[in-house]
file input.cif (mmCIF, C-alpha atoms and all ligand atoms)
data_final
loop_
_atom_site.label_atom_id
_atom_site.label_comp_id
_atom_site.auth_asym_id
_atom_site.auth_seq_id
_atom_site.Cartn_x
_atom_site.Cartn_y
_atom_site.Cartn_z
CA MET A 1 -1.11 10.86 -29.69
CA VAL A 2 0.94 13.47 -31.54
CA SER A 3 2.44 16.20 -29.38
CA PHE A 4 1.78 19.75 -30.42
CA ALA A 5 3.97 21.14 -27.67
CA PRO A 6 6.76 22.31 -30.01
CA TYR A 7 4.20 24.10 -32.10
CA PHE A 8 3.05 26.11 -29.11
CA LYS A 9 6.47 27.63 -28.61
CA GLY A 10 6.43 30.21 -31.35
CA LEU A 11 2.81 31.19 -31.19
CA ARG A 12 1.16 34.51 -30.65
CA LEU A 13 0.11 35.68 -27.22
CA ALA A 14 -3.46 34.46 -27.21
CA ARG A 15 -5.86 36.22 -29.59
CA GLU A 16 -5.53 39.64 -28.16
CA ASP A 17 -2.17 40.10 -29.90
CA LEU A 18 -0.75 41.99 -26.96
CA VAL A 19 2.64 41.59 -28.56
CA SER A 20 3.53 40.81 -32.15
CA PRO A 21 4.58 37.25 -33.02
CA ARG A 22 8.08 38.52 -33.69
CA SER A 23 8.45 39.81 -30.14
CA MET A 24 7.60 36.45 -28.64
CA PRO A 25 11.15 35.06 -28.35
CA GLN A 26 11.98 37.84 -25.91
CA MET A 27 8.86 37.06 -23.93
CA ARG A 28 9.89 33.47 -23.38
CA GLY A 29 11.33 32.86 -20.00
CA VAL A 30 9.59 36.05 -18.86
CA MET A 31 6.10 34.72 -19.14
CA PRO A 32 4.96 31.23 -18.22
CA GLU A 33 4.55 28.93 -21.24
CA HIS A 34 0.83 28.50 -20.72
CA VAL A 35 0.31 32.24 -21.16
CA ILE A 36 2.03 32.37 -24.53
CA SER A 37 0.49 29.21 -25.92
CA GLU A 38 -2.82 28.98 -27.64
CA PRO A 39 -4.77 25.95 -28.74
CA VAL A 40 -4.27 24.32 -32.11
CA VAL A 41 -7.30 24.98 -34.28
CA ILE A 42 -8.21 22.73 -37.19
CA ALA A 43 -10.86 24.17 -39.52
CA LEU A 44 -12.83 22.05 -41.96
CA ASP A 45 -15.27 23.67 -44.36
CA GLY A 46 -17.18 22.31 -47.29
CA PRO A 47 -20.57 21.51 -48.75
CA ALA A 48 -23.16 19.21 -47.20
CA ALA A 49 -22.26 15.51 -46.96
CA SER A 50 -18.71 16.09 -48.23
CA GLY A 51 -17.36 13.97 -45.39
CA LYS A 52 -16.05 16.85 -43.29
CA GLY A 53 -17.97 15.85 -40.16
CA THR A 54 -16.67 12.28 -40.19
CA LEU A 55 -13.19 13.54 -40.84
CA ALA A 56 -13.39 16.23 -38.15
CA LYS A 57 -14.47 13.67 -35.55
CA ALA A 58 -11.64 11.31 -36.50
CA ILE A 59 -9.08 14.14 -36.32
CA ALA A 60 -10.38 15.28 -32.93
CA GLU A 61 -10.23 11.76 -31.57
CA HIS A 62 -6.75 11.07 -32.90
CA TYR A 63 -5.17 14.25 -31.53
CA GLY A 64 -7.28 14.43 -28.37
CA PHE A 65 -8.90 17.71 -29.42
CA ALA A 66 -12.39 19.01 -28.73
CA TYR A 67 -14.84 18.88 -31.62
CA LEU A 68 -17.57 21.32 -32.59
CA ASP A 69 -20.02 20.60 -35.39
CA THR A 70 -20.99 24.22 -36.09
CA GLY A 71 -23.83 23.10 -38.36
CA SER A 72 -25.56 21.77 -35.26
CA LEU A 73 -25.88 25.36 -33.99
CA TYR A 74 -27.74 26.49 -37.10
CA ARG A 75 -29.73 23.28 -37.13
CA GLY A 76 -30.56 23.75 -33.45
CA VAL A 77 -31.85 27.28 -33.99
CA ALA A 78 -33.88 26.09 -36.99
CA TYR A 79 -35.27 23.16 -35.03
CA LEU A 80 -36.47 25.39 -32.18
CA LEU A 81 -38.11 27.78 -34.64
CA LEU A 82 -39.89 24.98 -36.48
CA ARG A 83 -41.02 23.45 -33.19
CA ALA A 84 -42.46 26.80 -32.13
CA GLY A 85 -44.30 27.06 -35.45
CA ALA A 86 -42.21 30.08 -36.50
CA ASP A 87 -41.02 30.77 -40.03
CA PRO A 88 -37.21 30.26 -40.27
CA ALA A 89 -37.13 33.16 -42.75
CA ASN A 90 -38.56 35.51 -40.13
CA ALA A 91 -35.42 37.49 -39.27
CA ALA A 92 -36.68 38.86 -35.94
CA ALA A 93 -37.80 35.45 -34.64
CA ALA A 94 -34.58 33.81 -35.87
CA GLU A 95 -32.42 36.41 -34.14
CA VAL A 96 -34.25 35.96 -30.83
CA ALA A 97 -33.88 32.18 -31.09
CA ALA A 98 -30.18 32.45 -31.95
CA ARG A 99 -29.43 34.83 -29.08
CA ALA A 100 -31.13 32.53 -26.58
CA PHE A 101 -29.65 29.37 -28.09
CA SER A 102 -27.71 26.74 -26.19
CA LEU A 103 -26.81 23.23 -27.33
CA GLU A 104 -28.48 21.85 -24.19
CA ALA A 105 -31.80 23.17 -25.49
CA VAL A 106 -31.71 20.66 -28.35
CA GLU A 107 -30.02 17.77 -26.58
CA GLY A 108 -31.57 14.51 -27.73
CA ALA A 109 -33.64 16.22 -30.44
CA ASP A 110 -33.40 14.94 -34.00
CA ILE A 111 -31.82 17.90 -35.72
CA ARG A 112 -30.42 15.89 -38.62
CA THR A 113 -33.64 15.64 -40.61
CA ARG A 114 -34.13 16.87 -44.15
CA GLU A 115 -36.54 19.62 -42.99
CA VAL A 116 -34.26 20.92 -40.27
CA GLY A 117 -31.30 20.95 -42.71
CA ALA A 118 -33.23 23.07 -45.20
CA ALA A 119 -34.49 25.45 -42.48
CA ALA A 120 -30.95 25.71 -41.07
CA SER A 121 -29.63 27.09 -44.32
CA VAL A 122 -32.45 29.68 -44.40
CA VAL A 123 -31.69 30.69 -40.81
CA ALA A 124 -27.94 30.73 -41.55
CA ALA A 125 -28.31 33.34 -44.29
CA GLN A 126 -29.37 35.94 -41.73
CA PRO A 127 -26.48 38.11 -40.49
CA ALA A 128 -27.97 38.64 -37.00
CA VAL A 129 -28.16 34.87 -36.49
CA ARG A 130 -24.56 34.39 -37.60
CA GLN A 131 -23.41 37.19 -35.34
CA ALA A 132 -25.26 35.69 -32.36
CA LEU A 133 -23.54 32.32 -32.88
CA LEU A 134 -20.08 33.68 -33.61
CA ASP A 135 -18.83 34.25 -30.07
CA PHE A 136 -19.73 30.74 -28.98
CA GLN A 137 -17.73 29.24 -31.86
CA ARG A 138 -14.73 31.51 -31.29
CA ASP A 139 -14.76 30.83 -27.55
CA PHE A 140 -14.81 27.11 -28.24
CA ALA A 141 -11.72 27.45 -30.43
CA ARG A 142 -9.96 29.78 -28.02
CA ARG A 143 -10.72 27.74 -24.90
CA PRO A 144 -11.57 24.19 -25.91
CA PRO A 145 -13.66 22.38 -23.29
CA ARG A 146 -12.13 20.05 -20.74
CA GLY A 147 -8.69 21.59 -21.15
CA ALA A 148 -8.13 20.06 -24.60
CA LYS A 149 -5.00 21.37 -26.32
CA GLY A 150 -6.83 21.98 -29.53
CA ALA A 151 -10.18 22.28 -31.24
CA VAL A 152 -11.59 20.95 -34.48
CA LEU A 153 -14.47 22.90 -35.98
CA ASP A 154 -16.37 21.99 -39.12
CA GLY A 155 -18.78 24.19 -41.03
CA ARG A 156 -18.92 26.56 -43.98
CA ASP A 157 -17.04 29.67 -42.81
CA ILE A 158 -14.60 28.42 -40.19
CA GLY A 159 -11.42 29.08 -42.16
CA THR A 160 -12.69 32.35 -43.61
CA VAL A 161 -14.64 34.06 -40.80
CA VAL A 162 -14.84 32.17 -37.50
CA CYS A 163 -11.16 31.21 -37.18
CA PRO A 164 -9.22 32.87 -40.01
CA GLY A 165 -6.02 32.24 -38.04
CA ALA A 166 -6.65 28.49 -37.70
CA THR A 167 -3.52 26.34 -37.52
CA VAL A 168 -4.62 24.05 -40.36
CA LYS A 169 -7.53 24.55 -42.74
CA PHE A 170 -9.22 22.10 -45.04
CA PHE A 171 -11.88 22.56 -47.66
CA VAL A 172 -13.51 19.17 -48.03
CA MET A 173 -15.50 18.41 -51.16
CA ALA A 174 -16.90 15.52 -53.17
CA SER A 175 -18.97 15.24 -56.33
CA PRO A 176 -22.68 16.03 -55.89
CA ALA A 177 -23.64 12.46 -56.87
CA VAL A 178 -21.37 10.91 -54.25
CA ARG A 179 -22.53 13.34 -51.58
CA ALA A 180 -26.17 12.63 -52.40
CA HIS A 181 -25.53 8.90 -52.21
CA ARG A 182 -23.88 9.20 -48.79
CA ARG A 183 -26.70 11.35 -47.41
CA PHE A 184 -29.32 9.06 -48.97
CA LEU A 185 -27.83 6.08 -47.11
CA GLU A 186 -27.95 8.06 -43.85
CA LEU A 187 -31.55 9.14 -44.27
CA LYS A 188 -32.92 5.96 -45.86
CA ALA A 189 -34.10 4.18 -42.71
CA ALA A 190 -36.00 7.18 -41.33
CA ARG A 191 -37.24 8.39 -44.73
CA PRO A 192 -37.92 5.46 -47.07
CA ASP A 193 -40.09 7.79 -49.16
CA LEU A 194 -37.06 9.82 -50.32
CA SER A 195 -35.24 8.97 -53.54
CA GLU A 196 -31.58 9.66 -54.18
CA ALA A 197 -32.71 12.33 -56.66
CA ASP A 198 -34.71 14.08 -53.89
CA VAL A 199 -31.64 14.09 -51.67
CA LEU A 200 -29.46 15.44 -54.49
CA ALA A 201 -31.96 18.25 -55.15
CA ASP A 202 -31.98 19.14 -51.42
CA LEU A 203 -28.20 19.26 -51.24
CA GLU A 204 -27.87 21.35 -54.37
CA GLU A 205 -30.47 23.84 -53.16
CA ARG A 206 -28.80 24.13 -49.77
CA ASP A 207 -25.29 24.44 -51.21
CA ALA A 208 -26.42 27.13 -53.63
CA ARG A 209 -27.99 29.12 -50.78
CA ASP A 210 -24.96 28.63 -48.54
CA ALA A 211 -22.53 29.72 -51.27
CA ALA A 212 -24.58 32.68 -52.50
CA ARG A 213 -25.47 34.38 -49.23
CA ALA A 214 -23.90 37.77 -48.66
CA ASP A 215 -22.75 37.14 -45.10
CA ALA A 216 -20.02 34.55 -44.55
CA PRO A 217 -20.82 32.41 -47.60
CA MET A 218 -19.47 28.89 -47.82
CA ALA A 219 -16.02 29.40 -49.32
CA ARG A 220 -12.58 27.88 -49.44
CA ALA A 221 -10.08 30.02 -47.56
CA GLU A 222 -7.07 30.89 -49.71
CA ASP A 223 -4.80 28.91 -47.41
CA ALA A 224 -7.11 25.91 -47.05
CA GLU A 225 -5.96 22.52 -48.25
CA LEU A 226 -8.41 21.10 -50.78
CA LEU A 227 -9.45 17.56 -49.93
CA ASP A 228 -11.60 15.83 -52.54
CA THR A 229 -13.16 12.76 -50.94
CA THR A 230 -15.09 11.62 -54.03
CA HIS A 231 -12.96 8.53 -54.52
CA LEU A 232 -11.58 8.21 -50.99
CA THR A 233 -12.59 5.87 -48.20
CA ILE A 234 -12.93 7.42 -44.76
CA GLU A 235 -9.60 5.88 -43.82
CA ALA A 236 -7.85 7.31 -46.89
CA ALA A 237 -9.32 10.78 -46.32
CA PHE A 238 -8.23 10.67 -42.69
CA ALA A 239 -4.72 9.56 -43.65
CA ALA A 240 -4.48 12.45 -46.14
CA ALA A 241 -5.64 14.94 -43.50
CA ARG A 242 -3.18 13.58 -40.97
CA ARG A 243 -0.30 13.98 -43.42
CA VAL A 244 -1.18 17.66 -43.79
CA ILE A 245 -1.57 18.24 -40.06
CA ASP A 246 1.60 16.38 -39.14
CA GLY A 247 3.46 18.28 -41.89
CA VAL A 248 2.44 21.59 -40.33
CA VAL A 249 3.61 20.40 -36.93
CA ARG A 250 6.94 19.27 -38.39
CA ARG A 251 7.49 22.63 -40.10
CA CYS A 252 6.84 24.33 -36.76
CA GLU A 253 9.40 22.09 -35.07
CA ASP A 254 12.14 23.04 -37.58
O1 LIG B 301 -23.17 21.11 -41.66
P1 LIG B 301 -24.68 20.98 -41.72
O2 LIG B 301 -25.12 20.45 -43.04
O3 LIG B 301 -25.27 20.28 -40.56
O4 LIG B 301 -25.19 22.50 -41.64
C1 LIG B 301 -26.54 22.85 -41.77
C2 LIG B 301 -26.61 24.24 -42.36
O5 LIG B 301 -26.08 25.18 -41.42
C3 LIG B 301 -25.81 24.47 -43.62
O6 LIG B 301 -26.51 24.13 -44.80
C4 LIG B 301 -25.50 25.95 -43.57
O7 LIG B 301 -26.57 26.70 -44.08
C5 LIG B 301 -25.44 26.24 -42.09
N1 LIG B 301 -24.07 26.40 -41.62
C6 LIG B 301 -23.45 27.61 -41.82
N2 LIG B 301 -22.21 27.84 -41.32
C7 LIG B 301 -21.56 26.90 -40.64
C8 LIG B 301 -22.16 25.63 -40.45
C9 LIG B 301 -23.41 25.40 -40.97
O8 LIG B 301 -24.02 28.49 -42.45
N3 LIG B 301 -20.35 27.18 -40.15
#
call {"tool": "encode", "arguments": {"input": "input.cif", "output": "structure tokens", "more": "lines below"}}
Ligand code: C5P
result
Amino acid sequence: MVSFAPYFKGLRLAREDLVSPRSMPQMRGVMPEHVISEPVVIALDGPAASGKGTLAKAIAEHYGFAYLDTGSLYRGVAYLLLRAGADPANAAAAEVAARAFSLEAVEGADIRTREVGAAASVVAAQPAVRQALLDFQRDFARRPPRGAKGAVLDGRDIGTVVCPGATVKFFVMASPAVRAHRRFLELKAARPDLSEADVLADLEERDARDAARADAPMARAEDAELLDTTHLTIEAAFAAARRVIDGVVRRCED
């Protein structure tokens, strides 16, 4: 496992910015190391089925970091609304569901269906829903569960809105045809009635909604590394991501 300890040395004092980064050298020796360190945060954004989830899990496992699939929050809210017979576009109902939401409430539920995915992107366009889910995501990054030294979050707005100060950011993409093929293979067993063209149409509709919404649209952060997985195996994409992450760590060690 790679050590991020050297990276911690020059970091800001938690998120509250009680002192500026430049004043930190004087603080060392005065304050215990654990007070001045903050977790490494790896942000992965990108369109549906771009490979960011697979990559995020592999990164989290390799570095021993905690992993949060932020799409599961929006999917979870959408799932609960659909199960209650509510319209995901109903802003008041969606806000109530998002405020009361916990991942435990959808444990074991199948939130990865086509219908839940579509409803999630409707729910996700509502600012009150995004606001309600923001603190949970930021807390996860700030204090990763089980004392992990870092957190990996994947979604659409992690590098731009949720964790704009993330240690390393990626924007993961792939051609629409490749993404549709990957998602088609995932859904095929449960939904033999769906064609690859149906899946492509779903993805394109969802991506268009996610990119066009006014609040926290899917976007590549200016400082995000672009990772095109169209022609990459999972192993090759992971190796490319690791090179970037390890490069950041090395620069911090210099
Ligand atoms: O990542 P996944 O495809 O599971 O996400 C489902 C939907 O949740 C997305 O289409 C998007 O509308 C929404 N989402 C979001 N912001 C995130 C993660 C997901 O708006 N950070």
call {"tool": "residues_around", "arguments": {"input": "input.cif", "residues": "region 205-212 of chain A", "least_positions_apart": "3", "cutoff": "7 Å", "atoms": "all atoms listed in the file", "output": "JSON, numbers by chain"}}
result
{"A": [47, 48, 118, 121, 201, 202, 217, 218, 219]}
call {"tool": "atom_distance", "arguments": {"input": "input.cif", "atom1": "atom C3 of ligand LIG 301 (chain B)", "atom2": "CA of Arg143 (chain A)"}}
result
24.3 Å
call {"tool": "residues_near_ligand", "arguments": {"input": "input.cif", "ligand": "ligand LIG 301 (chain B)", "cutoff": "6 Å", "atoms": "all atoms listed in the file", "output": "count of residues only"}}
result
16
call {"tool": "residues_around", "arguments": {"input": "input.cif", "residues": "Pro176 (chain A)", "least_positions_apart": "2", "cutoff": "8 Å", "atoms": "only C-alpha atoms", "output": "list in words"}}
result
Ala174, Val178, Arg179, Ala180, Leu200, Leu203 and Glu204 of chain A
call {"tool": "atom_distance", "arguments": {"input": "input.cif", "atom1": "CA of Ile111 (chain A)", "atom2": "CA of Ala241 (chain A)"}}
result
27.5 Å
call {"tool": "closest_residue", "arguments": {"input": "input.cif", "among": "A:Leu80, A:Val172, A:Gly64, A:Ala89", "to": "Asp110 (chain A)", "atoms": "all atoms listed in the file"}}
result
A:Leu80
call {"tool": "closest_residue", "arguments": {"input": "input.cif", "among": "A:Leu153, A:Cys163, A:Ala221, A:Ala98", "to": "Lys57 (chain A)", "atoms": "all atoms listed in the file"}}
result
A:Leu153
call {"tool": "atom_distance", "arguments": {"input": "input.cif", "atom1": "CA of Arg114 (chain A)", "atom2": "CA of Gly76 (chain A)"}}
result
13.2 Å
call {"tool": "residues_around", "arguments": {"input": "input.cif", "residues": "Pro88 (chain A)", "least_positions_apart": "6", "cutoff": "10 Å", "atoms": "all atoms listed in the file", "output": "ChimeraX atom specification"}}
result
/A:77-82,94-95,97,116,118-124,126
call {"tool": "residues_near_point", "arguments": {"input": "input.cif", "point": "(-10.0, 23.9, -43.9)", "cutoff": "12 Å", "atoms": "all atoms listed in the file", "output": "PyMOL selection string"}}
result
chain A and resi 41-47+52-53+55-56+152-173+218-228+241+244-245
call {"tool": "closest_residue", "arguments": {"input": "input.cif", "among": "A:Arg83, A:Ser195, A:Asp215, A:Glu104", "to": "Arg130 (chain A)", "atoms": "only C-alpha atoms"}}
result
A:Asp215
call {"tool": "closest_residue", "arguments": {"input": "input.cif", "among": "A:Ala132, A:Ala86, A:Ala125, A:Tyr67", "to": "Arg213 (chain A)", "atoms": "only C-alpha atoms"}}
result
A:Ala125
call {"tool": "closest_residue", "arguments": {"input": "input.cif", "among": "A:Ala92, A:Val199, A:Gln137, A:Leu68", "to": "Arg183 (chain A)", "atoms": "only C-alpha atoms"}}
result
A:Val199
call {"tool": "closest_residue", "arguments": {"input": "input.cif", "among": "A:Gly51, A:Glu61, A:Pro39, A:Leu73", "to": "Leu134 (chain A)", "atoms": "all atoms listed in the file"}}
result
A:Leu73
call {"tool": "residues_around", "arguments": {"input": "input.cif", "residues": "Ala58 (chain A)", "least_positions_apart": "4", "cutoff": "8 Å", "atoms": "only C-alpha atoms", "output": "PDB file with C-alpha atoms, in the coordinates of the input"}}
result
ATOM      1  CA  THR A  54     -16.670  12.280 -40.190  1.00  0.00           C
ATOM      2  CA  HIS A  62      -6.750  11.070 -32.900  1.00  0.00           C
ATOM      3  CA  PHE A 238      -8.230  10.670 -42.690  1.00  0.00           C
TER       4      PHE A 238
END
call {"tool": "residues_around", "arguments": {"input": "input.cif", "residues": "Gly147 (chain A)", "least_positions_apart": "6", "cutoff": "12 Å", "atoms": "only C-alpha atoms", "output": "VMD selection string"}}
result
chain A and resid 34 38 to 39 64 to 66 140 to 141
